[in-house]
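Source file start.csv; content: CSV, C-alpha atoms and all ligand atoms.
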```csv
chain,number,residue,atom,x,y,z
K,1,MET,CA,195.3,19.4,62.8
K,2,GLU,CA,194.3,20.1,59.2
K,3,ARG,CA,190.6,19.5,58.6
K,4,VAL,CA,188.8,19.2,55.3
K,5,ILE,CA,185.1,20.2,55.3
K,6,ILE,CA,182.3,20.0,52.8
K,7,ARG,CA,181.7,23.7,52.2
K,8,GLY,CA,179.0,23.5,49.6
K,9,VAL,CA,176.6,21.0,48.0
K,10,GLY,CA,174.5,21.0,44.9
K,11,SER,CA,172.7,18.6,42.6
K,12,TYR,CA,170.9,18.5,39.3
K,13,VAL,CA,168.6,15.9,37.7
K,14,PRO,CA,167.3,16.1,34.1
K,15,GLU,CA,163.7,17.2,33.6
K,16,CYS,CA,162.4,14.2,31.8
K,17,ILE,CA,160.7,11.7,34.2
K,18,LEU,CA,160.5,8.0,33.3
K,19,SER,CA,157.9,6.3,35.4
K,20,ASN,CA,157.3,2.6,36.1
K,21,ALA,CA,154.1,3.0,34.0
K,22,ASP,CA,156.2,4.2,31.1
K,23,LEU,CA,158.5,1.1,31.5
K,24,GLU,CA,155.4,-1.1,31.4
K,25,GLY,CA,155.0,0.0,27.8
K,26,MET,CA,158.7,-0.7,26.9
K,27,VAL,CA,159.4,-4.2,28.5
K,28,ASP,CA,157.5,-7.1,30.0
K,29,THR,CA,157.2,-5.7,33.5
K,30,THR,CA,154.8,-4.2,36.0
K,31,GLY,CA,155.0,-1.2,38.2
K,32,GLU,CA,154.1,-3.5,41.1
K,33,TRP,CA,157.1,-5.8,40.4
K,34,ILE,CA,159.5,-2.8,40.2
K,35,VAL,CA,158.3,-1.2,43.4
K,36,THR,CA,158.2,-4.4,45.5
K,37,ARG,CA,161.6,-5.6,44.2
K,38,THR,CA,163.4,-2.3,44.2
K,39,GLY,CA,161.4,0.5,45.8
K,40,ILE,CA,161.9,2.6,42.6
K,41,GLU,CA,158.8,4.5,41.3
K,42,SER,CA,160.4,6.8,38.8
K,43,ARG,CA,163.8,8.0,37.5
K,44,ARG,CA,165.1,11.0,35.5
K,45,ILE,CA,166.4,10.5,32.0
K,46,CYS,CA,168.6,12.8,29.8
K,47,LEU,CA,167.6,14.1,26.4
K,48,ASP,CA,169.9,12.6,23.7
K,49,THR,CA,171.8,15.9,23.6
K,50,GLU,CA,172.2,16.2,27.3
K,51,MET,CA,175.6,14.7,28.5
K,52,ALA,CA,177.1,13.8,31.8
K,53,SER,CA,179.2,17.0,31.6
K,54,ASP,CA,176.0,19.1,31.4
K,55,LEU,CA,174.5,17.5,34.5
K,56,GLY,CA,177.8,17.7,36.3
K,57,CYS,CA,178.3,21.3,35.4
K,58,GLU,CA,174.8,22.3,36.7
K,59,ALA,CA,175.3,20.4,40.0
K,60,ALA,CA,178.8,22.0,40.3
K,61,ARG,CA,177.4,25.5,39.7
K,62,ARG,CA,174.9,25.0,42.5
K,63,ALA,CA,177.6,23.6,44.8
K,64,LEU,CA,179.8,26.6,44.1
K,65,GLU,CA,177.0,29.0,44.8
K,66,ASN,CA,176.2,27.1,48.0
K,67,ALA,CA,179.8,27.4,49.0
K,68,ASN,CA,179.8,31.1,48.1
K,69,ILE,CA,182.9,30.8,45.8
K,70,SER,CA,183.4,31.0,42.1
K,71,VAL,CA,185.2,28.6,39.7
K,72,CYS,CA,188.2,30.9,39.9
K,73,ASP,CA,188.7,29.7,43.5
K,74,VAL,CA,188.7,26.0,42.5
K,75,ASP,CA,192.2,24.3,42.6
K,76,LEU,CA,191.2,20.9,41.3
K,77,ILE,CA,188.1,19.2,39.7
K,78,VAL,CA,187.6,15.5,40.2
K,79,VAL,CA,184.6,13.8,38.4
K,80,ALA,CA,183.4,10.4,39.3
K,81,THR,CA,181.6,8.8,36.3
K,82,VAL,CA,181.2,5.6,34.3
K,83,THR,CA,179.3,7.5,31.5
K,84,PRO,CA,181.9,10.0,30.4
K,85,ASP,CA,181.0,12.2,27.4
K,86,MET,CA,183.9,10.7,25.5
K,87,ARG,CA,186.6,8.1,26.0
K,88,PHE,CA,188.8,11.1,26.3
K,89,PRO,CA,189.2,13.9,27.4
K,90,ALA,CA,188.1,13.5,30.9
K,91,THR,CA,184.6,14.7,31.6
K,92,ALA,CA,186.2,16.9,34.3
K,93,CYS,CA,187.9,18.9,31.6
K,94,ILE,CA,184.6,19.4,29.7
K,95,VAL,CA,183.0,20.5,33.0
K,96,GLN,CA,185.8,23.0,33.6
K,97,GLU,CA,185.1,24.6,30.2
K,98,LYS,CA,181.4,24.7,30.8
K,99,LEU,CA,181.9,26.4,34.2
K,100,GLY,CA,184.1,29.0,32.5
K,101,GLY,CA,187.3,27.9,34.3
K,102,THR,CA,190.9,27.9,33.0
K,103,ASP,CA,194.0,26.2,34.2
K,104,ILE,CA,192.6,23.9,36.8
K,105,PRO,CA,193.9,20.3,37.1
K,106,CYS,CA,191.1,17.9,36.1
K,107,PHE,CA,190.6,14.2,36.0
K,108,ASP,CA,188.0,11.5,36.2
K,109,VAL,CA,187.7,8.5,38.6
K,110,ASN,CA,185.9,5.3,37.7
K,111,ALA,CA,184.8,3.2,40.7
K,112,VAL,CA,181.3,2.7,39.3
K,113,CYS,CA,178.6,3.3,42.1
K,114,SER,CA,181.4,3.8,44.7
K,115,GLY,CA,183.0,6.5,42.5
K,116,PHE,CA,181.9,9.5,44.6
K,117,ILE,CA,183.4,8.0,47.8
K,118,TYR,CA,186.7,7.2,45.9
K,119,ALA,CA,186.7,10.8,44.4
K,120,LEU,CA,186.0,12.2,47.9
K,121,ASP,CA,189.0,10.3,49.3
K,122,VAL,CA,191.3,11.4,46.4
K,123,ALA,CA,190.2,15.1,46.8
K,124,ARG,CA,190.6,15.1,50.5
K,125,ASN,CA,194.1,13.7,50.3
K,126,PHE,CA,195.0,16.4,47.7
K,127,LEU,CA,193.9,19.1,50.2
K,128,LEU,CA,195.7,17.5,53.1
K,129,ASN,CA,198.9,17.0,51.2
K,130,ASN,CA,199.1,20.1,49.2
K,131,SER,CA,198.9,23.3,51.2
K,132,LYS,CA,198.6,25.4,48.0
K,133,MET,CA,195.2,23.9,47.3
K,134,LYS,CA,192.2,25.5,49.1
K,135,ASN,CA,189.1,24.3,47.3
K,136,VAL,CA,188.4,21.1,45.3
K,137,LEU,CA,185.3,20.4,43.3
K,138,VAL,CA,184.1,16.7,43.5
K,139,ILE,CA,181.3,15.8,41.1
K,140,GLY,CA,179.4,12.5,40.6
K,141,THR,CA,177.6,12.6,37.3
K,142,GLU,CA,176.0,9.8,35.2
K,143,LYS,CA,174.0,9.4,32.1
K,144,MET,CA,173.2,5.7,32.9
K,145,SER,CA,170.4,5.8,30.3
K,146,SER,CA,173.2,5.7,27.6
K,147,ILE,CA,174.6,2.4,28.8
K,148,VAL,CA,171.3,0.7,29.8
K,149,ASP,CA,169.9,-2.1,27.5
K,150,TRP,CA,166.4,-0.8,27.1
K,151,GLU,CA,165.3,-4.4,26.1
K,152,ASP,CA,166.6,-6.0,29.3
K,153,ARG,CA,163.9,-5.8,31.9
K,154,SER,CA,166.1,-7.1,34.7
K,155,THR,CA,168.4,-4.0,34.5
K,156,CYS,CA,166.6,-1.2,32.6
K,157,VAL,CA,164.2,-0.6,35.5
K,158,LEU,CA,167.0,0.1,38.0
K,159,PHE,CA,168.9,3.1,36.7
K,160,GLY,CA,168.5,6.8,36.3
K,161,ASP,CA,170.5,9.9,35.3
K,162,GLY,CA,171.7,12.8,37.5
K,163,ALA,CA,174.6,14.6,39.1
K,164,GLY,CA,175.7,15.8,42.6
K,165,ALA,CA,178.6,17.9,43.6
K,166,VAL,CA,180.4,19.1,46.7
K,167,VAL,CA,183.1,21.7,47.3
K,168,LEU,CA,185.8,20.5,49.7
K,169,SER,CA,187.8,23.1,51.5
K,170,ARG,CA,190.5,23.2,54.2
K,171,ASP,CA,188.9,24.7,57.4
K,172,THR,CA,190.9,27.0,59.6
K,173,ASP,CA,188.2,27.7,62.2
K,174,GLU,CA,190.0,26.9,65.5
K,175,ASN,CA,186.7,26.5,67.4
K,176,SER,CA,185.4,23.7,65.2
K,177,ASP,CA,186.0,19.9,64.9
K,178,ALA,CA,184.0,19.6,61.8
K,179,GLY,CA,185.3,17.8,58.7
K,180,ILE,CA,185.6,14.5,56.9
K,181,LEU,CA,186.9,12.4,59.7
K,182,ASP,CA,187.8,9.3,57.7
K,183,VAL,CA,187.2,7.6,54.3
K,184,LEU,CA,187.6,3.8,53.7
K,185,ILE,CA,187.7,2.3,50.3
K,186,GLY,CA,188.1,-1.2,49.0
K,187,ALA,CA,187.7,-3.5,46.0
K,188,ASP,CA,187.7,-7.2,45.0
K,189,GLY,CA,188.7,-7.4,41.4
K,190,ASN,CA,187.9,-11.1,41.3
K,191,LEU,CA,184.2,-10.2,41.2
K,192,TRP,CA,184.3,-7.7,38.2
K,193,ARG,CA,182.2,-10.1,36.0
K,194,LEU,CA,179.1,-9.7,38.3
K,195,LEU,CA,178.4,-6.2,37.0
K,196,ARG,CA,180.0,-4.9,33.8
K,197,CYS,CA,179.6,-2.8,30.7
K,198,PRO,CA,182.1,-3.8,27.9
K,199,ILE,CA,183.5,-1.3,25.5
K,200,GLN,CA,183.9,-1.7,21.8
K,201,SER,CA,187.4,-2.8,21.0
K,202,PRO,CA,188.8,-4.3,17.8
K,203,GLY,CA,190.9,-6.8,19.7
K,204,GLY,CA,187.8,-8.2,21.5
K,205,ASN,CA,187.1,-8.0,25.2
K,206,VAL,CA,188.7,-9.6,28.2
K,207,GLY,CA,186.9,-12.9,28.9
K,208,ASN,CA,185.4,-12.9,25.3
K,209,ILE,CA,182.3,-11.2,26.4
K,210,SER,CA,182.2,-8.7,23.6
K,211,GLU,CA,179.4,-10.6,21.8
K,212,GLU,CA,177.0,-9.7,24.6
K,213,GLY,CA,176.8,-6.1,23.5
K,214,TYR,CA,178.0,-2.8,25.0
K,215,PHE,CA,175.4,-2.3,27.7
K,216,ILE,CA,175.1,-3.0,31.4
K,217,LYS,CA,175.1,-6.7,32.3
K,218,MET,CA,174.5,-7.9,35.8
K,219,GLU,CA,174.2,-11.0,37.9
K,220,GLY,CA,171.4,-9.4,40.0
K,221,ARG,CA,171.2,-11.9,42.9
K,222,GLU,CA,175.0,-12.2,43.4
K,223,VAL,CA,175.3,-8.4,43.3
K,224,PHE,CA,172.5,-8.1,45.8
K,225,LYS,CA,174.2,-10.4,48.3
K,226,GLU,CA,177.6,-8.7,47.8
K,227,ALA,CA,176.2,-5.3,48.2
K,228,ILE,CA,174.7,-6.0,51.6
K,229,LYS,CA,177.8,-7.9,52.8
K,230,ARG,CA,180.3,-5.3,51.7
K,231,MET,CA,178.3,-2.2,52.7
K,232,CYS,CA,177.7,-3.6,56.2
K,233,SER,CA,181.4,-4.5,56.7
K,234,VAL,CA,182.8,-1.2,55.4
K,235,ALA,CA,180.4,0.8,57.6
K,236,GLU,CA,181.4,-1.3,60.7
K,237,ASP,CA,185.1,-1.0,59.9
K,238,VAL,CA,185.1,2.8,59.5
K,239,LEU,CA,183.1,3.3,62.7
K,240,GLN,CA,185.3,0.9,64.6
K,241,ARG,CA,188.6,2.4,63.6
K,242,ASN,CA,187.3,5.8,64.8
K,243,ASN,CA,186.0,4.4,68.1
K,244,LEU,CA,182.4,5.3,67.1
K,245,THR,CA,179.2,3.2,67.0
K,246,ILE,CA,176.1,3.6,64.9
K,247,ASP,CA,174.4,5.3,67.9
K,248,ASP,CA,176.8,8.2,67.3
K,249,VAL,CA,175.6,8.7,63.8
K,250,ALA,CA,172.7,11.1,63.1
K,251,CYS,CA,172.2,10.3,59.4
K,252,VAL,CA,173.2,7.4,57.1
K,253,ILE,CA,173.4,8.1,53.4
K,254,PRO,CA,173.6,4.7,51.6
K,255,HIS,CA,174.1,4.3,47.9
K,256,GLN,CA,170.6,4.4,46.4
K,257,ALA,CA,170.4,1.1,44.5
K,258,ASN,CA,167.6,-0.9,45.9
K,259,MET,CA,165.2,-0.4,48.9
K,260,ARG,CA,165.6,-4.1,49.9
K,261,ILE,CA,169.4,-3.7,50.1
K,262,ILE,CA,169.0,-0.6,52.2
K,263,SER,CA,166.5,-2.2,54.5
K,264,ALA,CA,168.8,-5.3,54.9
K,265,ILE,CA,171.7,-3.0,55.9
K,266,ALA,CA,169.5,-1.1,58.3
K,267,ASP,CA,168.4,-4.4,60.0
K,268,ARG,CA,171.9,-5.8,60.2
K,269,LEU,CA,173.5,-2.7,61.6
K,270,LYS,CA,170.5,-1.8,63.7
K,271,ILE,CA,170.1,1.6,62.1
K,272,PRO,CA,166.7,3.1,63.0
K,273,LYS,CA,164.6,3.8,59.9
K,274,GLU,CA,164.5,7.6,60.5
K,275,LYS,CA,168.3,7.8,60.4
K,276,MET,CA,168.5,6.0,57.0
K,277,PHE,CA,168.1,8.5,54.1
K,278,VAL,CA,166.3,7.1,51.1
K,279,ASN,CA,165.4,9.0,47.9
K,280,LEU,CA,165.7,6.2,45.3
K,281,GLN,CA,161.9,6.3,44.8
K,282,HIS,CA,162.3,9.2,42.4
K,283,THR,CA,166.0,8.8,41.3
K,284,GLY,CA,166.6,5.1,40.7
K,285,ASN,CA,170.2,4.1,40.9
K,286,THR,CA,172.3,7.0,39.6
K,287,SER,CA,175.6,5.2,40.2
K,288,ALA,CA,178.4,7.7,41.1
K,289,ALA,CA,175.8,10.5,41.4
K,290,SER,CA,173.6,8.7,44.0
K,291,ILE,CA,175.4,9.8,47.2
K,292,PRO,CA,175.9,13.5,46.4
K,293,ILE,CA,172.3,13.8,45.2
K,294,ALA,CA,171.1,12.1,48.4
K,295,ILE,CA,173.3,14.4,50.6
K,296,ASP,CA,171.9,17.5,48.9
K,297,GLU,CA,168.3,16.3,49.3
K,298,ALA,CA,169.0,15.2,52.9
K,299,LEU,CA,170.3,18.8,53.6
K,300,GLN,CA,167.3,20.4,52.0
K,301,ASN,CA,164.9,18.2,54.0
K,302,GLY,CA,166.6,19.0,57.3
K,303,LYS,CA,167.8,15.5,57.8
K,304,ILE,CA,171.4,16.7,58.2
K,305,GLN,CA,172.0,19.4,60.7
K,306,PRO,CA,175.2,21.3,61.7
K,307,ASP,CA,177.4,19.2,64.0
K,308,ASP,CA,175.7,15.9,62.9
K,309,LEU,CA,177.8,12.9,62.3
K,310,VAL,CA,177.0,11.6,58.8
K,311,LEU,CA,177.9,8.1,57.5
K,312,THR,CA,177.9,7.5,53.7
K,313,ILE,CA,178.2,3.9,52.4
K,314,ALA,CA,178.7,2.9,48.8
K,315,PHE,CA,179.0,-0.2,46.7
K,316,GLY,CA,179.4,-0.8,43.0
K,317,GLY,CA,180.9,-2.7,40.1
K,318,GLY,CA,184.4,-3.8,40.4
K,319,MET,CA,183.3,-4.9,42.9
K,320,THR,CA,184.1,-1.7,44.8
K,321,TRP,CA,182.9,-0.3,48.1
K,322,GLY,CA,183.6,2.6,50.4
K,323,ALA,CA,182.4,4.6,53.4
K,324,ALA,CA,183.0,8.2,54.6
K,325,LEU,CA,182.4,9.6,58.1
K,326,ILE,CA,181.7,13.3,58.1
K,327,HIS,CA,181.3,15.6,61.1
K,328,TRP,CA,179.0,18.2,59.4
K,329,LYS,CA,180.0,21.8,59.6
W,401,LIG,C1,167.7,-7.0,40.0
W,401,LIG,C2,166.8,-7.4,41.2
W,401,LIG,C3,165.9,-6.3,41.5
W,401,LIG,C4,166.1,-8.7,40.8
W,401,LIG,O1,165.3,-9.1,41.9
W,401,LIG,P1,165.3,-10.7,42.3
W,401,LIG,O2,164.4,-10.8,43.4
W,401,LIG,O3,166.8,-11.1,42.5
W,401,LIG,O4,164.8,-11.3,41.0
W,401,LIG,P2,165.4,-12.4,40.0
W,401,LIG,O5,166.5,-11.8,39.3
W,401,LIG,O6,165.7,-13.6,40.8
W,401,LIG,O7,164.2,-12.7,39.1
W,401,LIG,C5,163.0,-13.2,39.5
W,401,LIG,C6,162.1,-13.2,38.3
W,401,LIG,O8,161.7,-11.9,37.9
W,401,LIG,C7,161.9,-11.7,36.6
W,401,LIG,N1,162.2,-10.3,36.3
W,401,LIG,C8,163.4,-9.7,36.3
W,401,LIG,N2,163.2,-8.4,36.0
W,401,LIG,C9,161.9,-8.2,35.9
W,401,LIG,C10,161.1,-7.1,35.7
W,401,LIG,N3,161.6,-5.9,35.5
W,401,LIG,N4,159.8,-7.2,35.7
W,401,LIG,C11,159.2,-8.4,35.8
W,401,LIG,N5,159.9,-9.5,36.1
W,401,LIG,C12,161.2,-9.4,36.1
W,401,LIG,C13,163.1,-12.6,36.2
W,401,LIG,O9,163.1,-12.9,34.8
W,401,LIG,C14,162.8,-13.8,37.1
W,401,LIG,O10,161.8,-14.6,36.4
W,401,LIG,P3,161.9,-16.2,36.5
W,401,LIG,O11,161.7,-16.6,37.9
W,401,LIG,O12,160.7,-16.6,35.6
W,401,LIG,O13,163.2,-16.6,35.9
W,401,LIG,C15,167.8,-7.8,42.3
W,401,LIG,O14,168.5,-8.9,42.1
W,401,LIG,C16,168.7,-6.7,42.7
W,401,LIG,O15,168.3,-5.6,43.1
W,401,LIG,N6,170.0,-6.9,42.6
W,401,LIG,C17,171.0,-5.9,42.8
W,401,LIG,C18,170.9,-4.8,41.7
W,401,LIG,C19,171.7,-3.6,42.0
W,401,LIG,O16,171.4,-2.9,42.9
W,401,LIG,N7,172.8,-3.4,41.3
W,401,LIG,C20,173.6,-2.2,41.4
W,401,LIG,C21,174.5,-2.3,42.5
W,401,LIG,S1,175.5,-0.9,42.6
```
Rewrite the coordinates I just gave you, this time as structure tokens.
Amino acid sequence: MERVIIRGVGSYVPECILSNADLEGMVDTTGEWIVTRTGIESRRICLDTEMASDLGCEAARRALENANISVCDVDLIVVATVTPDMRFPATACIVQEKLGGTDIPCFDVNAVCSGFIYALDVARNFLLNNSKMKNVLVIGTEKMSSIVDWEDRSTCVLFGDGAGAVVLSRDTDENSDAGILDVLIGADGNLWRLLRCPIQSPGGNVGNISEEGYFIKMEGREVFKEAIKRMCSVAEDVLQRNNLTIDDVACVIPHQANMRIISAIADRLKIPKEKMFVNLQHTGNTSAASIPIAIDEALQNGKIQPDDLVLTIAFGGGMTWGAALIHWK
């Protein structure tokens, strides 16, 4: 049976650190409030001139190097982002140019914080259904600082910028079972209003919400409850349909939104603390970049070992959710 493995991983975050102490000087908040309500201590923020394509390109370079291939070997680039450089072209095309590639199909995926899992599913299916493709670059990259309302204390403390990338390849090693075992994605469009960022449009916006501005708006408590509910159920569903239990999983990589959400999921699914990977203390919520950045850090910290079963769980605006089960190579 054809198997698709993660052959290389890389990530990149901008240099500039925005600490909770910095935020105390910007809005009416305290470092203590932010840490107790979210677990976030600092996040990285782009320079004005730094775009999602720059972060994505650097993460991709590192993933290609890690996979020991060059951009010439890439058959498709999929970028997950809600902060594209432009409305069009796709950020994936701009990344292709920055990587020095030519003639590679490119497109973006928008599933907000679940974007990476959606893109992973799309890329995996391309590889499984098109025998001419060998390697696909999947990138999650976000410049969330460009859509955050820096006067809204209830949202501006939550987000950060960054990018993560993986190289997916078909594996022909007959002695291995490694690969992406399954990906499950879902969405409930009835809940889109809970987390949104309108775009400027002369005809006004759906639901007449254009007057609220063009920044992130969120019903925090509702999103909080939905996140726990959906991430728990998608994780249970993907395990169940593969006849696995949480005991089979060596490492869980949840979307890095809020420590309290992650703890609640760990409690409900009875995931031991040491299996739950957390790095949001120094990243904040980087939306579509959160999971690939966390995978890269988990690998570097030795939290993911060859042959491990890894479960990633995502949730985001839409509302969208997703989970991937990966038998690590
Ligand atoms: C945003 C979030 C941290 C707020 O925590 P909460 O416990 O729900 O807090 P509330 O929104 O009920 O606000 C409690 C109080 O803190 C205040 N508050 C909000 N942000 C604050 C801040 N940064 N500093 C200080 N006080 C703040 C509120 O104004 C409110 O004050 P009030 O009681 O006087 O009205 C929480 O709802 C959350 O994490 N939601 C999910 C967010 C998320 O992860 N989104 C992305 C999903 S992909």
Of K:Ser169, K:Asn258, K:Thr102, K:Ser42, the one nearest to Gly220 of chain K when counting all atoms listed in the file is K:Asn258
I need every residue sitting at most 10 Å from the point (169.3, 5.8, 33.2) (coordinates as in the file, only C-alpha atoms considered), written as a ChimeraX atom specification. /K:18,43-46,142-150,155-162,283-287
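Distance-wise, atom CA of Met259 of chain K and atom CA of Gln305 of chain K end up 24.0 Å apart.
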Work out how far atom CA of Ile295 of chain K is from atom CA of Val238 of chain K, in Å to one decimal.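 For atom CA of Val238 of chain K relative to atom CA of Ile295 of chain K, the distance reads 18.8 Å.
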Exercise: Asp307 of chain K partners within 8 Å, all atoms listed in the file, chain neighbours under 4 positions left out, as a ChimeraX atom specification: /K:178,327-329
Would you save the residues from that selection as an mmCIF file, in the frame of the given file, using C-alpha atoms?
```cif
data_model
loop_
_atom_site.group_PDB
_atom_site.id
_atom_site.type_symbol
_atom_site.label_atom_id
_atom_site.label_comp_id
_atom_site.auth_asym_id
_atom_site.auth_seq_id
_atom_site.Cartn_x
_atom_site.Cartn_y
_atom_site.Cartn_z
ATOM 1 C CA ALA K 178 184.000 19.600 61.800
ATOM 2 C CA HIS K 327 181.300 15.600 61.100
ATOM 3 C CA TRP K 328 179.000 18.200 59.400
ATOM 4 C CA LYS K 329 180.000 21.800 59.600
#
```
I'd like a table as a tab-separated table: residues in chain K with an atom no more than 8 Å from ligand LIG 401 (chain W), each row giving the shortest atom pair and its distance in Å to one decimal, all atoms listed in the file counted, sorted by chain and rising residue number.
```
residue	atom	partner	partner_atom	distance
K:Val27	CA	W:LIG401	N3	7.5
K:Asp28	CA	W:LIG401	N4	6.1
K:Thr29	CA	W:LIG401	N4	3.7
K:Thr30	CA	W:LIG401	N4	5.8
K:Trp33	CA	W:LIG401	N4	5.6
K:Ile34	CA	W:LIG401	N3	6.0
K:Arg37	CA	W:LIG401	C3	5.1
K:Thr38	CA	W:LIG401	C3	5.4
K:Val112	CA	W:LIG401	S1	7.6
K:Cys113	CA	W:LIG401	S1	5.2
K:Ser114	CA	W:LIG401	S1	7.8
K:Asp152	CA	W:LIG401	N2	7.9
K:Arg153	CA	W:LIG401	N3	4.3
K:Ser154	CA	W:LIG401	N2	3.4
K:Thr155	CA	W:LIG401	C1	6.3
K:Cys156	CA	W:LIG401	N3	7.4
K:Val157	CA	W:LIG401	N3	5.9
K:Leu158	CA	W:LIG401	C19	7.2
K:Leu195	CA	W:LIG401	N7	7.6
K:Met218	CA	W:LIG401	N7	7.3
K:Glu219	CA	W:LIG401	O14	7.4
K:Gly220	CA	W:LIG401	O14	3.6
K:Arg221	CA	W:LIG401	O14	4.1
K:Glu222	CA	W:LIG401	N6	7.3
K:Val223	CA	W:LIG401	C17	5.0
K:Phe224	CA	W:LIG401	C17	4.0
K:Lys225	CA	W:LIG401	C17	7.8
K:Ala227	CA	W:LIG401	C21	6.7
K:His255	CA	W:LIG401	S1	7.6
K:Ala257	CA	W:LIG401	O16	4.4
K:Asn258	CA	W:LIG401	O16	5.2
K:Arg260	CA	W:LIG401	O15	7.5
K:Ile261	CA	W:LIG401	O15	7.3
K:Asn285	CA	W:LIG401	C20	7.2
K:Ser287	CA	W:LIG401	S1	6.6
K:Ala314	CA	W:LIG401	S1	7.9
K:Phe315	CA	W:LIG401	S1	5.4
K:Gly316	CA	W:LIG401	S1	3.9
K:Gly317	CA	W:LIG401	S1	6.2
```
Saved selection, atoms kept: C-alpha atoms, as a PDB file, keeping the file's coordinate frame:
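Below is the file that was written, selection37.pdb:
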```pdb
ATOM      1  CA  VAL K  27     159.400  -4.200  28.500  1.00  0.00           C
ATOM      2  CA  ASP K  28     157.500  -7.100  30.000  1.00  0.00           C
ATOM      3  CA  THR K  29     157.200  -5.700  33.500  1.00  0.00           C
ATOM      4  CA  THR K  30     154.800  -4.200  36.000  1.00  0.00           C
ATOM      5  CA  TRP K  33     157.100  -5.800  40.400  1.00  0.00           C
ATOM      6  CA  ILE K  34     159.500  -2.800  40.200  1.00  0.00           C
ATOM      7  CA  ARG K  37     161.600  -5.600  44.200  1.00  0.00           C
ATOM      8  CA  THR K  38     163.400  -2.300  44.200  1.00  0.00           C
ATOM      9  CA  VAL K 112     181.300   2.700  39.300  1.00  0.00           C
ATOM     10  CA  CYS K 113     178.600   3.300  42.100  1.00  0.00           C
ATOM     11  CA  SER K 114     181.400   3.800  44.700  1.00  0.00           C
ATOM     12  CA  ASP K 152     166.600  -6.000  29.300  1.00  0.00           C
ATOM     13  CA  ARG K 153     163.900  -5.800  31.900  1.00  0.00           C
ATOM     14  CA  SER K 154     166.100  -7.100  34.700  1.00  0.00           C
ATOM     15  CA  THR K 155     168.400  -4.000  34.500  1.00  0.00           C
ATOM     16  CA  CYS K 156     166.600  -1.200  32.600  1.00  0.00           C
ATOM     17  CA  VAL K 157     164.200  -0.600  35.500  1.00  0.00           C
ATOM     18  CA  LEU K 158     167.000   0.100  38.000  1.00  0.00           C
ATOM     19  CA  LEU K 195     178.400  -6.200  37.000  1.00  0.00           C
ATOM     20  CA  MET K 218     174.500  -7.900  35.800  1.00  0.00           C
ATOM     21  CA  GLU K 219     174.200 -11.000  37.900  1.00  0.00           C
ATOM     22  CA  GLY K 220     171.400  -9.400  40.000  1.00  0.00           C
ATOM     23  CA  ARG K 221     171.200 -11.900  42.900  1.00  0.00           C
ATOM     24  CA  GLU K 222     175.000 -12.200  43.400  1.00  0.00           C
ATOM     25  CA  VAL K 223     175.300  -8.400  43.300  1.00  0.00           C
ATOM     26  CA  PHE K 224     172.500  -8.100  45.800  1.00  0.00           C
ATOM     27  CA  LYS K 225     174.200 -10.400  48.300  1.00  0.00           C
ATOM     28  CA  ALA K 227     176.200  -5.300  48.200  1.00  0.00           C
ATOM     29  CA  HIS K 255     174.100   4.300  47.900  1.00  0.00           C
ATOM     30  CA  ALA K 257     170.400   1.100  44.500  1.00  0.00           C
ATOM     31  CA  ASN K 258     167.600  -0.900  45.900  1.00  0.00           C
ATOM     32  CA  ARG K 260     165.600  -4.100  49.900  1.00  0.00           C
ATOM     33  CA  ILE K 261     169.400  -3.700  50.100  1.00  0.00           C
ATOM     34  CA  ASN K 285     170.200   4.100  40.900  1.00  0.00           C
ATOM     35  CA  SER K 287     175.600   5.200  40.200  1.00  0.00           C
ATOM     36  CA  ALA K 314     178.700   2.900  48.800  1.00  0.00           C
ATOM     37  CA  PHE K 315     179.000  -0.200  46.700  1.00  0.00           C
ATOM     38  CA  GLY K 316     179.400  -0.800  43.000  1.00  0.00           C
ATOM     39  CA  GLY K 317     180.900  -2.700  40.100  1.00  0.00           C
TER      40      GLY K 317
END
```
Find the spatial neighbours of Pro306 of chain K, counting all atoms listed in the file, within a cut-off of 12 Å - ignore same-chain residues fewer than 3 positions away - and output them as a list of chain:residue names.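 With the cut-off at 12 Å, the set is K:Ile5, K:Ile6, K:Arg7, K:Ser176, K:Asp177, K:Ala178, K:Gly179, K:Ala250, K:Cys251, K:Leu299, K:Gly302, K:Lys303, K:Leu309, K:Val310, K:Ile326, K:His327, K:Trp328, K:Lys329.
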So which one's closest to Leu325 of chain K, K:Val167, K:Ala294, K:Leu194, K:Leu181? Using only C-alpha atoms, please.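 Under the stated criterion, the closest residue is K:Leu181.
Proximity of K:Lys217, K:Asp237, K:Lys132, K:His282 to Trp192 of chain K, computed with only C-alpha atoms, is greatest for K:Lys217.
Proximity of K:Lys273, K:Arg193, K:Arg170, K:Lys98 to Met51 of chain K, computed with only C-alpha atoms, is greatest for K:Lys98.
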Determine, counting only C-alpha atoms, every residue of protein, DNA or RNA that lies within 12 Å of (197.3, 20.0, 60.6) in the file coordinates, then give the result as a PyMOL selection string. chain K and resi 1-4+127-131+170-172+174
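Every protein, DNA or RNA residue with an atom at most 9 Å from segment 62-71 of chain K, where all atoms listed in the file count and chain neighbours fewer than 6 positions away do not, is listed here: Ile6, Arg7, Gly8, Val9, Gly10, Ser11, Tyr12, Gln96, Leu99, Gly100, Gly101, Thr102, Leu137, Gly164, Ala165, Val166 and Val167 of chain K.
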Using all atoms listed in the file for the distances, tell me which of K:Cys57, K:Ile304, K:Val252, K:Ala111 is nearest to Trp321 of chain K.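 Answer, going by the shortest atom-to-atom distance: K:Ala111.
Atom CA of Leu168 of chain K is positioned 10.8 Å from atom CA of Ile139 of chain K.
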